[in-house]
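Asker: Following this line is upload_30.tsv, made up of TSV, N, CA and C atoms:
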```tsv
chain	number	residue	atom	x	y	z
U	298	MET	N	-117.54	168.22	-25.32
U	298	MET	CA	-117.75	167.31	-26.42
U	298	MET	C	-119.12	167.58	-27.05
U	299	PRO	N	-119.19	167.75	-28.35
U	299	PRO	CA	-120.48	168.02	-28.99
U	299	PRO	C	-121.41	166.80	-28.93
U	300	ILE	N	-122.67	167.08	-28.77
U	300	ILE	CA	-123.67	166.02	-28.72
U	300	ILE	C	-124.08	165.68	-30.15
U	301	THR	N	-124.12	164.38	-30.46
U	301	THR	CA	-124.54	163.93	-31.79
U	301	THR	C	-125.74	163.01	-31.65
U	302	LEU	N	-126.40	162.75	-32.77
U	302	LEU	CA	-127.53	161.83	-32.76
U	302	LEU	C	-127.10	160.44	-32.32
U	303	ALA	N	-125.91	160.02	-32.74
U	303	ALA	CA	-125.39	158.70	-32.36
U	303	ALA	C	-125.16	158.61	-30.85
U	304	SER	N	-124.65	159.69	-30.24
U	304	SER	CA	-124.41	159.65	-28.79
U	304	SER	C	-125.73	159.67	-28.02
U	305	ILE	N	-126.73	160.35	-28.53
U	305	ILE	CA	-128.05	160.34	-27.89
U	305	ILE	C	-128.64	158.94	-27.93
U	306	LYS	N	-128.55	158.28	-29.09
U	306	LYS	CA	-129.07	156.92	-29.22
U	306	LYS	C	-128.34	155.98	-28.29
U	307	GLN	N	-127.03	156.12	-28.19
U	307	GLN	CA	-126.22	155.26	-27.33
U	307	GLN	C	-126.63	155.43	-25.86
U	308	GLN	N	-126.88	156.66	-25.44
U	308	GLN	CA	-127.31	156.90	-24.06
U	308	GLN	C	-128.68	156.27	-23.80
U	309	LEU	N	-129.60	156.39	-24.78
U	309	LEU	CA	-130.93	155.82	-24.60
U	309	LEU	C	-130.90	154.30	-24.64
U	310	ASP	N	-130.00	153.72	-25.43
U	310	ASP	CA	-129.88	152.26	-25.48
U	310	ASP	C	-129.60	151.68	-24.10
U	311	SER	N	-128.84	152.39	-23.29
U	311	SER	CA	-128.50	151.89	-21.96
U	311	SER	C	-129.64	152.08	-20.96
U	312	LYS	N	-130.69	152.81	-21.35
U	312	LYS	CA	-131.80	153.09	-20.43
U	312	LYS	C	-133.09	152.37	-20.82
U	313	ILE	N	-133.05	151.44	-21.76
U	313	ILE	CA	-134.25	150.72	-22.19
U	313	ILE	C	-134.88	150.02	-20.98
U	314	GLY	N	-136.19	150.16	-20.85
U	314	GLY	CA	-136.92	149.54	-19.75
U	314	GLY	C	-137.12	150.44	-18.55
U	315	GLU	N	-136.50	151.61	-18.54
U	315	GLU	CA	-136.63	152.52	-17.41
U	315	GLU	C	-137.80	153.48	-17.59
U	316	ASN	N	-138.37	153.90	-16.47
U	316	ASN	CA	-139.48	154.86	-16.49
U	316	ASN	C	-138.95	156.26	-16.73
U	317	LEU	N	-139.74	157.06	-17.46
U	317	LEU	CA	-139.33	158.41	-17.78
U	317	LEU	C	-140.54	159.31	-17.94
U	318	THR	N	-140.27	160.61	-17.98
U	318	THR	CA	-141.27	161.63	-18.28
U	318	THR	C	-140.79	162.40	-19.50
U	319	VAL	N	-141.68	162.54	-20.48
U	319	VAL	CA	-141.36	163.29	-21.70
U	319	VAL	C	-142.12	164.61	-21.63
U	320	VAL	N	-141.38	165.71	-21.74
U	320	VAL	CA	-141.98	167.05	-21.78
U	320	VAL	C	-141.80	167.57	-23.19
U	321	ALA	N	-142.93	167.78	-23.89
U	321	ALA	CA	-142.87	168.18	-25.30
U	321	ALA	C	-143.55	169.53	-25.50
U	322	GLN	N	-142.96	170.33	-26.37
U	322	GLN	CA	-143.57	171.60	-26.75
U	322	GLN	C	-144.72	171.29	-27.71
U	323	ALA	N	-145.92	171.76	-27.37
U	323	ALA	CA	-147.10	171.46	-28.19
U	323	ALA	C	-147.64	172.71	-28.86
U	324	GLY	N	-146.84	173.72	-28.99
U	324	GLY	CA	-147.29	174.96	-29.61
U	324	GLY	C	-146.95	176.14	-28.74
U	325	ARG	N	-147.59	177.24	-29.04
U	325	ARG	CA	-147.31	178.45	-28.28
U	325	ARG	C	-147.73	178.30	-26.83
U	326	LYS	N	-146.76	178.34	-25.96
U	326	LYS	CA	-146.96	178.29	-24.52
U	326	LYS	C	-147.71	177.04	-24.05
U	327	LYS	N	-147.71	175.99	-24.86
U	327	LYS	CA	-148.35	174.74	-24.47
U	327	LYS	C	-147.28	173.67	-24.31
U	328	VAL	N	-147.38	172.94	-23.22
U	328	VAL	CA	-146.43	171.87	-22.94
U	328	VAL	C	-147.22	170.63	-22.56
U	329	THR	N	-146.84	169.48	-23.11
U	329	THR	CA	-147.47	168.22	-22.72
U	329	THR	C	-146.46	167.38	-21.95
U	330	ARG	N	-146.93	166.75	-20.89
U	330	ARG	CA	-146.09	165.86	-20.09
U	330	ARG	C	-146.70	164.47	-20.17
U	331	ARG	N	-145.85	163.52	-20.52
U	331	ARG	CA	-146.31	162.14	-20.61
U	331	ARG	C	-145.35	161.25	-19.86
U	332	LYS	N	-145.90	160.33	-19.06
U	332	LYS	CA	-145.09	159.38	-18.31
U	332	LYS	C	-145.19	158.02	-18.98
U	333	GLY	N	-144.09	157.32	-18.98
U	333	GLY	CA	-144.08	156.01	-19.58
U	333	GLY	C	-142.76	155.30	-19.37
U	334	THR	N	-142.53	154.28	-20.22
U	334	THR	CA	-141.34	153.46	-20.15
U	334	THR	C	-140.66	153.45	-21.50
U	335	LEU	N	-139.36	153.64	-21.52
U	335	LEU	CA	-138.60	153.57	-22.77
U	335	LEU	C	-138.61	152.12	-23.23
U	336	LYS	N	-139.26	151.87	-24.37
U	336	LYS	CA	-139.47	150.51	-24.83
U	336	LYS	C	-138.40	150.04	-25.80
U	337	GLU	N	-138.18	150.80	-26.88
U	337	GLU	CA	-137.25	150.37	-27.92
U	337	GLU	C	-136.55	151.56	-28.52
U	338	THR	N	-135.37	151.31	-29.08
U	338	THR	CA	-134.67	152.32	-29.85
U	338	THR	C	-134.42	151.76	-31.25
U	339	TYR	N	-134.56	152.61	-32.23
U	339	TYR	CA	-134.33	152.27	-33.63
U	339	TYR	C	-133.29	153.24	-34.17
U	340	PRO	N	-132.83	153.05	-35.41
U	340	PRO	CA	-131.80	153.95	-35.94
U	340	PRO	C	-132.18	155.43	-35.95
U	341	ALA	N	-133.46	155.76	-36.14
U	341	ALA	CA	-133.84	157.17	-36.22
U	341	ALA	C	-134.81	157.62	-35.14
U	342	ILE	N	-135.48	156.68	-34.45
U	342	ILE	CA	-136.50	157.04	-33.45
U	342	ILE	C	-136.37	156.17	-32.21
U	343	PHE	N	-137.06	156.59	-31.15
U	343	PHE	CA	-137.22	155.74	-29.97
U	343	PHE	C	-138.69	155.73	-29.58
U	344	VAL	N	-139.12	154.63	-28.95
U	344	VAL	CA	-140.52	154.39	-28.64
U	344	VAL	C	-140.71	154.39	-27.13
U	345	VAL	N	-141.75	155.09	-26.69
U	345	VAL	CA	-142.11	155.15	-25.27
U	345	VAL	C	-143.49	154.54	-25.10
U	346	ASP	N	-143.61	153.50	-24.27
U	346	ASP	CA	-144.91	152.95	-23.90
U	346	ASP	C	-145.47	153.83	-22.79
U	347	LEU	N	-146.65	154.39	-23.00
U	347	LEU	CA	-147.23	155.34	-22.06
U	347	LEU	C	-148.04	154.65	-20.98
U	348	ASP	N	-148.15	155.30	-19.82
U	348	ASP	CA	-149.01	154.81	-18.74
U	348	ASP	C	-150.45	154.93	-19.20
U	349	GLN	N	-151.19	153.84	-19.13
U	349	GLN	CA	-152.57	153.84	-19.61
U	349	GLN	C	-153.51	154.63	-18.71
U	350	ASP	N	-153.13	154.83	-17.46
U	350	ASP	CA	-153.97	155.60	-16.54
U	350	ASP	C	-154.06	157.07	-16.94
U	351	GLU	N	-153.00	157.59	-17.54
U	351	GLU	CA	-152.93	159.02	-17.83
U	351	GLU	C	-153.13	159.37	-19.30
U	352	ASN	N	-153.02	158.41	-20.21
U	352	ASN	CA	-153.02	158.71	-21.64
U	352	ASN	C	-154.06	157.86	-22.38
U	353	ALA	N	-154.56	158.42	-23.48
U	353	ALA	CA	-155.58	157.75	-24.26
U	353	ALA	C	-154.98	156.75	-25.26
U	354	PHE	N	-153.69	156.85	-25.54
U	354	PHE	CA	-153.08	155.93	-26.49
U	354	PHE	C	-151.91	155.20	-25.85
U	355	GLU	N	-151.51	154.09	-26.47
U	355	GLU	CA	-150.56	153.18	-25.84
U	355	GLU	C	-149.12	153.62	-25.91
U	356	ARG	N	-148.68	154.11	-27.07
U	356	ARG	CA	-147.26	154.45	-27.21
U	356	ARG	C	-147.08	155.64	-28.12
U	357	VAL	N	-145.90	156.22	-28.02
U	357	VAL	CA	-145.55	157.38	-28.83
U	357	VAL	C	-144.09	157.25	-29.22
U	358	SER	N	-143.74	157.79	-30.38
U	358	SER	CA	-142.34	157.73	-30.81
U	358	SER	C	-141.83	159.14	-31.06
U	359	TYR	N	-140.55	159.32	-30.83
U	359	TYR	CA	-139.88	160.59	-31.04
U	359	TYR	C	-138.58	160.31	-31.78
U	360	SER	N	-138.07	161.32	-32.47
U	360	SER	CA	-136.78	161.17	-33.13
U	360	SER	C	-135.69	161.70	-32.22
U	361	TYR	N	-134.47	161.25	-32.46
U	361	TYR	CA	-133.33	161.74	-31.69
U	361	TYR	C	-133.10	163.22	-31.97
U	362	ALA	N	-133.50	163.67	-33.16
U	362	ALA	CA	-133.37	165.09	-33.51
U	362	ALA	C	-134.25	165.95	-32.61
U	363	ASP	N	-135.39	165.41	-32.14
U	363	ASP	CA	-136.25	166.15	-31.20
U	363	ASP	C	-135.48	166.48	-29.92
U	364	LEU	N	-134.69	165.53	-29.44
U	364	LEU	CA	-133.87	165.78	-28.25
U	364	LEU	C	-132.74	166.75	-28.55
U	365	LEU	N	-132.11	166.58	-29.71
U	365	LEU	CA	-130.99	167.43	-30.08
U	365	LEU	C	-131.41	168.89	-30.23
U	366	THR	N	-132.59	169.13	-30.82
U	366	THR	CA	-133.08	170.49	-31.02
U	366	THR	C	-133.87	171.01	-29.82
U	367	LYS	N	-133.99	170.18	-28.79
U	367	LYS	CA	-134.67	170.55	-27.54
U	367	LYS	C	-136.16	170.84	-27.73
U	368	SER	N	-136.78	170.21	-28.73
U	368	SER	CA	-138.23	170.33	-28.84
U	368	SER	C	-138.92	169.40	-27.85
U	369	ILE	N	-138.17	168.40	-27.33
U	369	ILE	CA	-138.64	167.59	-26.21
U	369	ILE	C	-137.51	167.47	-25.21
U	370	GLN	N	-137.90	167.17	-23.97
U	370	GLN	CA	-136.94	166.87	-22.92
U	370	GLN	C	-137.39	165.59	-22.26
U	371	ILE	N	-136.44	164.76	-21.87
U	371	ILE	CA	-136.80	163.55	-21.14
U	371	ILE	C	-136.07	163.54	-19.81
U	372	LYS	N	-136.79	163.05	-18.81
U	372	LYS	CA	-136.22	162.91	-17.47
U	372	LYS	C	-136.54	161.51	-17.00
U	373	PHE	N	-135.50	160.77	-16.65
U	373	PHE	CA	-135.71	159.43	-16.13
U	373	PHE	C	-136.00	159.51	-14.64
U	374	ASP	N	-136.84	158.59	-14.16
U	374	ASP	CA	-137.27	158.63	-12.76
U	374	ASP	C	-136.08	158.53	-11.80
U	375	ASP	N	-135.06	157.73	-12.14
U	375	ASP	CA	-133.91	157.62	-11.24
U	375	ASP	C	-133.11	158.92	-11.16
U	376	GLU	N	-133.14	159.73	-12.23
U	376	GLU	CA	-132.45	161.03	-12.20
U	376	GLU	C	-133.21	162.03	-11.34
U	377	GLU	N	-134.55	161.97	-11.36
U	377	GLU	CA	-135.36	162.89	-10.56
U	377	GLU	C	-135.19	162.61	-9.08
U	378	LYS	N	-135.06	161.34	-8.71
U	378	LYS	CA	-134.90	160.99	-7.30
U	378	LYS	C	-133.54	161.40	-6.77
U	379	ALA	N	-132.54	161.36	-7.63
U	379	ALA	CA	-131.18	161.71	-7.21
U	379	ALA	C	-131.03	163.20	-6.95
U	380	SER	N	-131.83	164.04	-7.64
U	380	SER	CA	-131.67	165.48	-7.44
U	380	SER	C	-132.53	166.03	-6.34
```
How does the structure come out when it is put into structure tokens?
Answerer:
Amino acid sequence: MPITLASIKQQLDSKIGENLTVVAQAGRKKVTRRKGTLKETYPAIFVVDLDQDENAFERVSYSYADLLTKSIQIKFDDEEKAS
């Protein structure tokens, strides 16, 4: 089944409030990892509240297209423990 923006949003809607790690491409051979909590989903973006111990700012938002094009990857803490 092809992945669509609507299906990505639907999957994230069911995970609101869960802890996750966002791995984002930050340029040539640079990767940023941020830990936080999935706070809200909107029609075009989702918001992650970041852990204040590790990050200088409170929250960050990404579009569903970032996930679709694989410019970011998200891993929920419960998925990491299961593997």
Asker: Enter the distance from atom C of Glu337 (chain U) to atom N of Arg325 (chain U), in Å, rounded to one decimal.
Answerer: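 Value for the atom C of Glu337 (chain U)-atom N of Arg325 (chain U) distance: 28.0 Å.
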Asker: Excluding Glu376 (chain U) and any residue of its chain fewer than 4 positions from it, enumerate the residues within 12 Å of it, using only C-alpha atoms, and give them as a list in words.
Answerer: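 Surrounding residues, per the criterion: Lys312, Glu315, Asn316, Leu317, Thr318, Ile371, Lys372 and Ser380 of chain U.
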Asker: Could the residues in this selection be written to a file with N, CA and C atoms, as a PDB file, in the coordinates of the input?
Answerer:
```
ATOM      1  N   LYS U 312    -130.690 152.810 -21.350  1.00  0.00           N
ATOM      2  CA  LYS U 312    -131.800 153.090 -20.430  1.00  0.00           C
ATOM      3  C   LYS U 312    -133.090 152.370 -20.820  1.00  0.00           C
ATOM      4  N   GLU U 315    -136.500 151.610 -18.540  1.00  0.00           N
ATOM      5  CA  GLU U 315    -136.630 152.520 -17.410  1.00  0.00           C
ATOM      6  C   GLU U 315    -137.800 153.480 -17.590  1.00  0.00           C
ATOM      7  N   ASN U 316    -138.370 153.900 -16.470  1.00  0.00           N
ATOM      8  CA  ASN U 316    -139.480 154.860 -16.490  1.00  0.00           C
ATOM      9  C   ASN U 316    -138.950 156.260 -16.730  1.00  0.00           C
ATOM     10  N   LEU U 317    -139.740 157.060 -17.460  1.00  0.00           N
ATOM     11  CA  LEU U 317    -139.330 158.410 -17.780  1.00  0.00           C
ATOM     12  C   LEU U 317    -140.540 159.310 -17.940  1.00  0.00           C
ATOM     13  N   THR U 318    -140.270 160.610 -17.980  1.00  0.00           N
ATOM     14  CA  THR U 318    -141.270 161.630 -18.280  1.00  0.00           C
ATOM     15  C   THR U 318    -140.790 162.400 -19.500  1.00  0.00           C
ATOM     16  N   ILE U 371    -136.440 164.760 -21.870  1.00  0.00           N
ATOM     17  CA  ILE U 371    -136.800 163.550 -21.140  1.00  0.00           C
ATOM     18  C   ILE U 371    -136.070 163.540 -19.810  1.00  0.00           C
ATOM     19  N   LYS U 372    -136.790 163.050 -18.810  1.00  0.00           N
ATOM     20  CA  LYS U 372    -136.220 162.910 -17.470  1.00  0.00           C
ATOM     21  C   LYS U 372    -136.540 161.510 -17.000  1.00  0.00           C
ATOM     22  N   SER U 380    -131.830 164.040  -7.640  1.00  0.00           N
ATOM     23  CA  SER U 380    -131.670 165.480  -7.440  1.00  0.00           C
ATOM     24  C   SER U 380    -132.530 166.030  -6.340  1.00  0.00           C
TER      25      SER U 380
END
```
Asker: Please return as an MDAnalysis selection string: the residues of chain U that backbone DSSP assigns to strand (DSSP E or B).
Answerer: chainID U and resid 316:322 328:338 342:347 356:360 369:373
Asker: Would you save the residues from that selection as a short mmCIF file (atom, residue, chain, number, x, y, z; two decimals), in the coordinates of the input, using N, CA and C atoms?
Answerer:
```
data_model
loop_
_atom_site.label_atom_id
_atom_site.label_comp_id
_atom_site.auth_asym_id
_atom_site.auth_seq_id
_atom_site.Cartn_x
_atom_site.Cartn_y
_atom_site.Cartn_z
N ASN U 316 -138.37 153.90 -16.47
CA ASN U 316 -139.48 154.86 -16.49
C ASN U 316 -138.95 156.26 -16.73
N LEU U 317 -139.74 157.06 -17.46
CA LEU U 317 -139.33 158.41 -17.78
C LEU U 317 -140.54 159.31 -17.94
N THR U 318 -140.27 160.61 -17.98
CA THR U 318 -141.27 161.63 -18.28
C THR U 318 -140.79 162.40 -19.50
N VAL U 319 -141.68 162.54 -20.48
CA VAL U 319 -141.36 163.29 -21.70
C VAL U 319 -142.12 164.61 -21.63
N VAL U 320 -141.38 165.71 -21.74
CA VAL U 320 -141.98 167.05 -21.78
C VAL U 320 -141.80 167.57 -23.19
N ALA U 321 -142.93 167.78 -23.89
CA ALA U 321 -142.87 168.18 -25.30
C ALA U 321 -143.55 169.53 -25.50
N GLN U 322 -142.96 170.33 -26.37
CA GLN U 322 -143.57 171.60 -26.75
C GLN U 322 -144.72 171.29 -27.71
N VAL U 328 -147.38 172.94 -23.22
CA VAL U 328 -146.43 171.87 -22.94
C VAL U 328 -147.22 170.63 -22.56
N THR U 329 -146.84 169.48 -23.11
CA THR U 329 -147.47 168.22 -22.72
C THR U 329 -146.46 167.38 -21.95
N ARG U 330 -146.93 166.75 -20.89
CA ARG U 330 -146.09 165.86 -20.09
C ARG U 330 -146.70 164.47 -20.17
N ARG U 331 -145.85 163.52 -20.52
CA ARG U 331 -146.31 162.14 -20.61
C ARG U 331 -145.35 161.25 -19.86
N LYS U 332 -145.90 160.33 -19.06
CA LYS U 332 -145.09 159.38 -18.31
C LYS U 332 -145.19 158.02 -18.98
N GLY U 333 -144.09 157.32 -18.98
CA GLY U 333 -144.08 156.01 -19.58
C GLY U 333 -142.76 155.30 -19.37
N THR U 334 -142.53 154.28 -20.22
CA THR U 334 -141.34 153.46 -20.15
C THR U 334 -140.66 153.45 -21.50
N LEU U 335 -139.36 153.64 -21.52
CA LEU U 335 -138.60 153.57 -22.77
C LEU U 335 -138.61 152.12 -23.23
N LYS U 336 -139.26 151.87 -24.37
CA LYS U 336 -139.47 150.51 -24.83
C LYS U 336 -138.40 150.04 -25.80
N GLU U 337 -138.18 150.80 -26.88
CA GLU U 337 -137.25 150.37 -27.92
C GLU U 337 -136.55 151.56 -28.52
N THR U 338 -135.37 151.31 -29.08
CA THR U 338 -134.67 152.32 -29.85
C THR U 338 -134.42 151.76 -31.25
N ILE U 342 -135.48 156.68 -34.45
CA ILE U 342 -136.50 157.04 -33.45
C ILE U 342 -136.37 156.17 -32.21
N PHE U 343 -137.06 156.59 -31.15
CA PHE U 343 -137.22 155.74 -29.97
C PHE U 343 -138.69 155.73 -29.58
N VAL U 344 -139.12 154.63 -28.95
CA VAL U 344 -140.52 154.39 -28.64
C VAL U 344 -140.71 154.39 -27.13
N VAL U 345 -141.75 155.09 -26.69
CA VAL U 345 -142.11 155.15 -25.27
C VAL U 345 -143.49 154.54 -25.10
N ASP U 346 -143.61 153.50 -24.27
CA ASP U 346 -144.91 152.95 -23.90
C ASP U 346 -145.47 153.83 -22.79
N LEU U 347 -146.65 154.39 -23.00
CA LEU U 347 -147.23 155.34 -22.06
C LEU U 347 -148.04 154.65 -20.98
N ARG U 356 -148.68 154.11 -27.07
CA ARG U 356 -147.26 154.45 -27.21
C ARG U 356 -147.08 155.64 -28.12
N VAL U 357 -145.90 156.22 -28.02
CA VAL U 357 -145.55 157.38 -28.83
C VAL U 357 -144.09 157.25 -29.22
N SER U 358 -143.74 157.79 -30.38
CA SER U 358 -142.34 157.73 -30.81
C SER U 358 -141.83 159.14 -31.06
N TYR U 359 -140.55 159.32 -30.83
CA TYR U 359 -139.88 160.59 -31.04
C TYR U 359 -138.58 160.31 -31.78
N SER U 360 -138.07 161.32 -32.47
CA SER U 360 -136.78 161.17 -33.13
C SER U 360 -135.69 161.70 -32.22
N ILE U 369 -138.17 168.40 -27.33
CA ILE U 369 -138.64 167.59 -26.21
C ILE U 369 -137.51 167.47 -25.21
N GLN U 370 -137.90 167.17 -23.97
CA GLN U 370 -136.94 166.87 -22.92
C GLN U 370 -137.39 165.59 -22.26
N ILE U 371 -136.44 164.76 -21.87
CA ILE U 371 -136.80 163.55 -21.14
C ILE U 371 -136.07 163.54 -19.81
N LYS U 372 -136.79 163.05 -18.81
CA LYS U 372 -136.22 162.91 -17.47
C LYS U 372 -136.54 161.51 -17.00
N PHE U 373 -135.50 160.77 -16.65
CA PHE U 373 -135.71 159.43 -16.13
C PHE U 373 -136.00 159.51 -14.64
#
```
Asker: Have a look at U:Lys336, U:Phe343, U:Thr329, U:Asp375 and name the one nearest to Ser360 (chain U); count all atoms listed in the file.
Answerer: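 Ranked by minimum distance to Ser360 (chain U), first place goes to U:Phe343.
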Asker: Excluding same-chain residues fewer than 6 positions from Val344 (chain U), what lies within 10 Å of it counting only C-alpha atoms, as number ranges by chain?
Answerer: U: 313, 333-338, 356-360
Asker: Write the residues of the preceding selection, restricted to N, CA and C atoms, as a PDB file, keeping the file's coordinate frame.
Answerer:
```pdb
ATOM      1  N   ILE U 313    -133.050 151.440 -21.760  1.00  0.00           N
ATOM      2  CA  ILE U 313    -134.250 150.720 -22.190  1.00  0.00           C
ATOM      3  C   ILE U 313    -134.880 150.020 -20.980  1.00  0.00           C
ATOM      4  N   GLY U 333    -144.090 157.320 -18.980  1.00  0.00           N
ATOM      5  CA  GLY U 333    -144.080 156.010 -19.580  1.00  0.00           C
ATOM      6  C   GLY U 333    -142.760 155.300 -19.370  1.00  0.00           C
ATOM      7  N   THR U 334    -142.530 154.280 -20.220  1.00  0.00           N
ATOM      8  CA  THR U 334    -141.340 153.460 -20.150  1.00  0.00           C
ATOM      9  C   THR U 334    -140.660 153.450 -21.500  1.00  0.00           C
ATOM     10  N   LEU U 335    -139.360 153.640 -21.520  1.00  0.00           N
ATOM     11  CA  LEU U 335    -138.600 153.570 -22.770  1.00  0.00           C
ATOM     12  C   LEU U 335    -138.610 152.120 -23.230  1.00  0.00           C
ATOM     13  N   LYS U 336    -139.260 151.870 -24.370  1.00  0.00           N
ATOM     14  CA  LYS U 336    -139.470 150.510 -24.830  1.00  0.00           C
ATOM     15  C   LYS U 336    -138.400 150.040 -25.800  1.00  0.00           C
ATOM     16  N   GLU U 337    -138.180 150.800 -26.880  1.00  0.00           N
ATOM     17  CA  GLU U 337    -137.250 150.370 -27.920  1.00  0.00           C
ATOM     18  C   GLU U 337    -136.550 151.560 -28.520  1.00  0.00           C
ATOM     19  N   THR U 338    -135.370 151.310 -29.080  1.00  0.00           N
ATOM     20  CA  THR U 338    -134.670 152.320 -29.850  1.00  0.00           C
ATOM     21  C   THR U 338    -134.420 151.760 -31.250  1.00  0.00           C
ATOM     22  N   ARG U 356    -148.680 154.110 -27.070  1.00  0.00           N
ATOM     23  CA  ARG U 356    -147.260 154.450 -27.210  1.00  0.00           C
ATOM     24  C   ARG U 356    -147.080 155.640 -28.120  1.00  0.00           C
ATOM     25  N   VAL U 357    -145.900 156.220 -28.020  1.00  0.00           N
ATOM     26  CA  VAL U 357    -145.550 157.380 -28.830  1.00  0.00           C
ATOM     27  C   VAL U 357    -144.090 157.250 -29.220  1.00  0.00           C
ATOM     28  N   SER U 358    -143.740 157.790 -30.380  1.00  0.00           N
ATOM     29  CA  SER U 358    -142.340 157.730 -30.810  1.00  0.00           C
ATOM     30  C   SER U 358    -141.830 159.140 -31.060  1.00  0.00           C
ATOM     31  N   TYR U 359    -140.550 159.320 -30.830  1.00  0.00           N
ATOM     32  CA  TYR U 359    -139.880 160.590 -31.040  1.00  0.00           C
ATOM     33  C   TYR U 359    -138.580 160.310 -31.780  1.00  0.00           C
ATOM     34  N   SER U 360    -138.070 161.320 -32.470  1.00  0.00           N
ATOM     35  CA  SER U 360    -136.780 161.170 -33.130  1.00  0.00           C
ATOM     36  C   SER U 360    -135.690 161.700 -32.220  1.00  0.00           C
TER      37      SER U 360
END
```
Asker: What lies within 9 Å of Lys332 (chain U) using only C-alpha atoms, ignoring chain neighbours under 6 positions off, as a list in words?
Answerer: Asn316, Leu317, Thr318, Val319, Val320, Val345, Asp346, Leu347, Asp348, Glu351 and Asn352 of chain U
Asker: Quick one: distance from atom N of Phe354 (chain U) to atom N of Lys327 (chain U) in Å, one decimal?
Answerer: 20.1 Å
Asker: Return the single residue from U:Leu309, U:Ser304, U:Gly314, U:Ala321 that is closest to Ser368 (chain U), with distances computed using all atoms listed in the file.
Answerer: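 Residue with the minimum atom-to-atom distance to Ser368 (chain U): U:Ala321.
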Asker: Could you check how far atom N of Arg331 (chain U) sits from CA of Leu302 (chain U), in Å to one decimal?
Answerer: 22.1 Å
Asker: Box time for region 373-376 of chain U: axis-aligned, enclosing all its listed atoms, 3 Å extra on each side; report centre and edge lengths in Å to one decimal, as lines of an AutoDock Vina configuration file.
Answerer:
```
center_x = -134.9
center_y = 159.8
center_z = -13.9
size_x = 10.8
size_y = 10.4
size_z = 11.5
```
Asker: List the spatial neighbours of Thr301 (chain U) as a list of chain:residue names - criterion: any atom at most 12 Å away, only C-alpha atoms, same-chain residues fewer than 2 positions off excluded.
Answerer: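 The residues satisfying every condition are U:Met298, U:Pro299, U:Ala303, U:Ser304, U:Ile305, U:Lys306, U:Gln307, U:Gln308, U:Tyr361, U:Ala362, U:Asp363, U:Leu364, U:Leu365, U:Thr366.
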Asker: Residues of chain U in alpha helix (DSSP H) according to DSSP, as a compact mmCIF listing (two decimals) with N, CA and C atoms, in the coordinates of the input?
Answerer:
```txt
# COMPACT_ATOMS: atom_id res chain seq x y z
N LEU U 302 -126.40 162.75 -32.77
CA LEU U 302 -127.53 161.83 -32.76
C LEU U 302 -127.10 160.44 -32.32
N ALA U 303 -125.91 160.02 -32.74
CA ALA U 303 -125.39 158.70 -32.36
C ALA U 303 -125.16 158.61 -30.85
N SER U 304 -124.65 159.69 -30.24
CA SER U 304 -124.41 159.65 -28.79
C SER U 304 -125.73 159.67 -28.02
N ILE U 305 -126.73 160.35 -28.53
CA ILE U 305 -128.05 160.34 -27.89
C ILE U 305 -128.64 158.94 -27.93
N LYS U 306 -128.55 158.28 -29.09
CA LYS U 306 -129.07 156.92 -29.22
C LYS U 306 -128.34 155.98 -28.29
N GLN U 307 -127.03 156.12 -28.19
CA GLN U 307 -126.22 155.26 -27.33
C GLN U 307 -126.63 155.43 -25.86
N GLN U 308 -126.88 156.66 -25.44
CA GLN U 308 -127.31 156.90 -24.06
C GLN U 308 -128.68 156.27 -23.80
N LEU U 309 -129.60 156.39 -24.78
CA LEU U 309 -130.93 155.82 -24.60
C LEU U 309 -130.90 154.30 -24.64
N ASP U 310 -130.00 153.72 -25.43
CA ASP U 310 -129.88 152.26 -25.48
C ASP U 310 -129.60 151.68 -24.10
N TYR U 361 -134.47 161.25 -32.46
CA TYR U 361 -133.33 161.74 -31.69
C TYR U 361 -133.10 163.22 -31.97
N ALA U 362 -133.50 163.67 -33.16
CA ALA U 362 -133.37 165.09 -33.51
C ALA U 362 -134.25 165.95 -32.61
N ASP U 363 -135.39 165.41 -32.14
CA ASP U 363 -136.25 166.15 -31.20
C ASP U 363 -135.48 166.48 -29.92
N LEU U 364 -134.69 165.53 -29.44
CA LEU U 364 -133.87 165.78 -28.25
C LEU U 364 -132.74 166.75 -28.55
N LEU U 365 -132.11 166.58 -29.71
CA LEU U 365 -130.99 167.43 -30.08
C LEU U 365 -131.41 168.89 -30.23
N ASP U 374 -136.84 158.59 -14.16
CA ASP U 374 -137.27 158.63 -12.76
C ASP U 374 -136.08 158.53 -11.80
N ASP U 375 -135.06 157.73 -12.14
CA ASP U 375 -133.91 157.62 -11.24
C ASP U 375 -133.11 158.92 -11.16
N GLU U 376 -133.14 159.73 -12.23
CA GLU U 376 -132.45 161.03 -12.20
C GLU U 376 -133.21 162.03 -11.34
N GLU U 377 -134.55 161.97 -11.36
CA GLU U 377 -135.36 162.89 -10.56
C GLU U 377 -135.19 162.61 -9.08
N LYS U 378 -135.06 161.34 -8.71
CA LYS U 378 -134.90 160.99 -7.30
C LYS U 378 -133.54 161.40 -6.77
N ALA U 379 -132.54 161.36 -7.63
CA ALA U 379 -131.18 161.71 -7.21
C ALA U 379 -131.03 163.20 -6.95
```
Asker: Would you please work out which residue, of U:Ile369, U:Gly324, U:Asp310, U:Ile300, is nearest to Tyr339 (chain U) when using only C-alpha atoms?
Answerer: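 Looking only at the distances to Tyr339 (chain U), the closest residue turns out to be U:Asp310.
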Asker: Quick test: take region 346-359 of chain U, keep C-alpha atoms, and write it as a short mmCIF file (atom, residue, chain, number, x, y, z; two decimals), in the first residue's frame.
Answerer:
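The result, written out as decode.cif:
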```cif
data_model
loop_
_atom_site.label_atom_id
_atom_site.label_comp_id
_atom_site.auth_asym_id
_atom_site.auth_seq_id
_atom_site.Cartn_x
_atom_site.Cartn_y
_atom_site.Cartn_z
CA ASP U 346 8.33 19.50 22.37
CA LEU U 347 12.06 18.99 22.91
CA ASP U 348 13.86 17.89 26.08
CA GLN U 349 15.22 21.06 27.65
CA ASP U 350 18.29 19.26 29.01
CA GLU U 351 19.62 18.57 25.50
CA ASN U 352 18.29 21.44 23.37
CA ALA U 353 18.49 25.23 23.43
CA PHE U 354 14.92 25.74 22.19
CA GLU U 355 11.56 24.44 23.36
CA ARG U 356 9.89 22.96 20.29
CA VAL U 357 10.35 22.22 16.63
CA SER U 358 7.91 21.50 13.82
CA TYR U 359 8.23 19.30 10.76
#
```
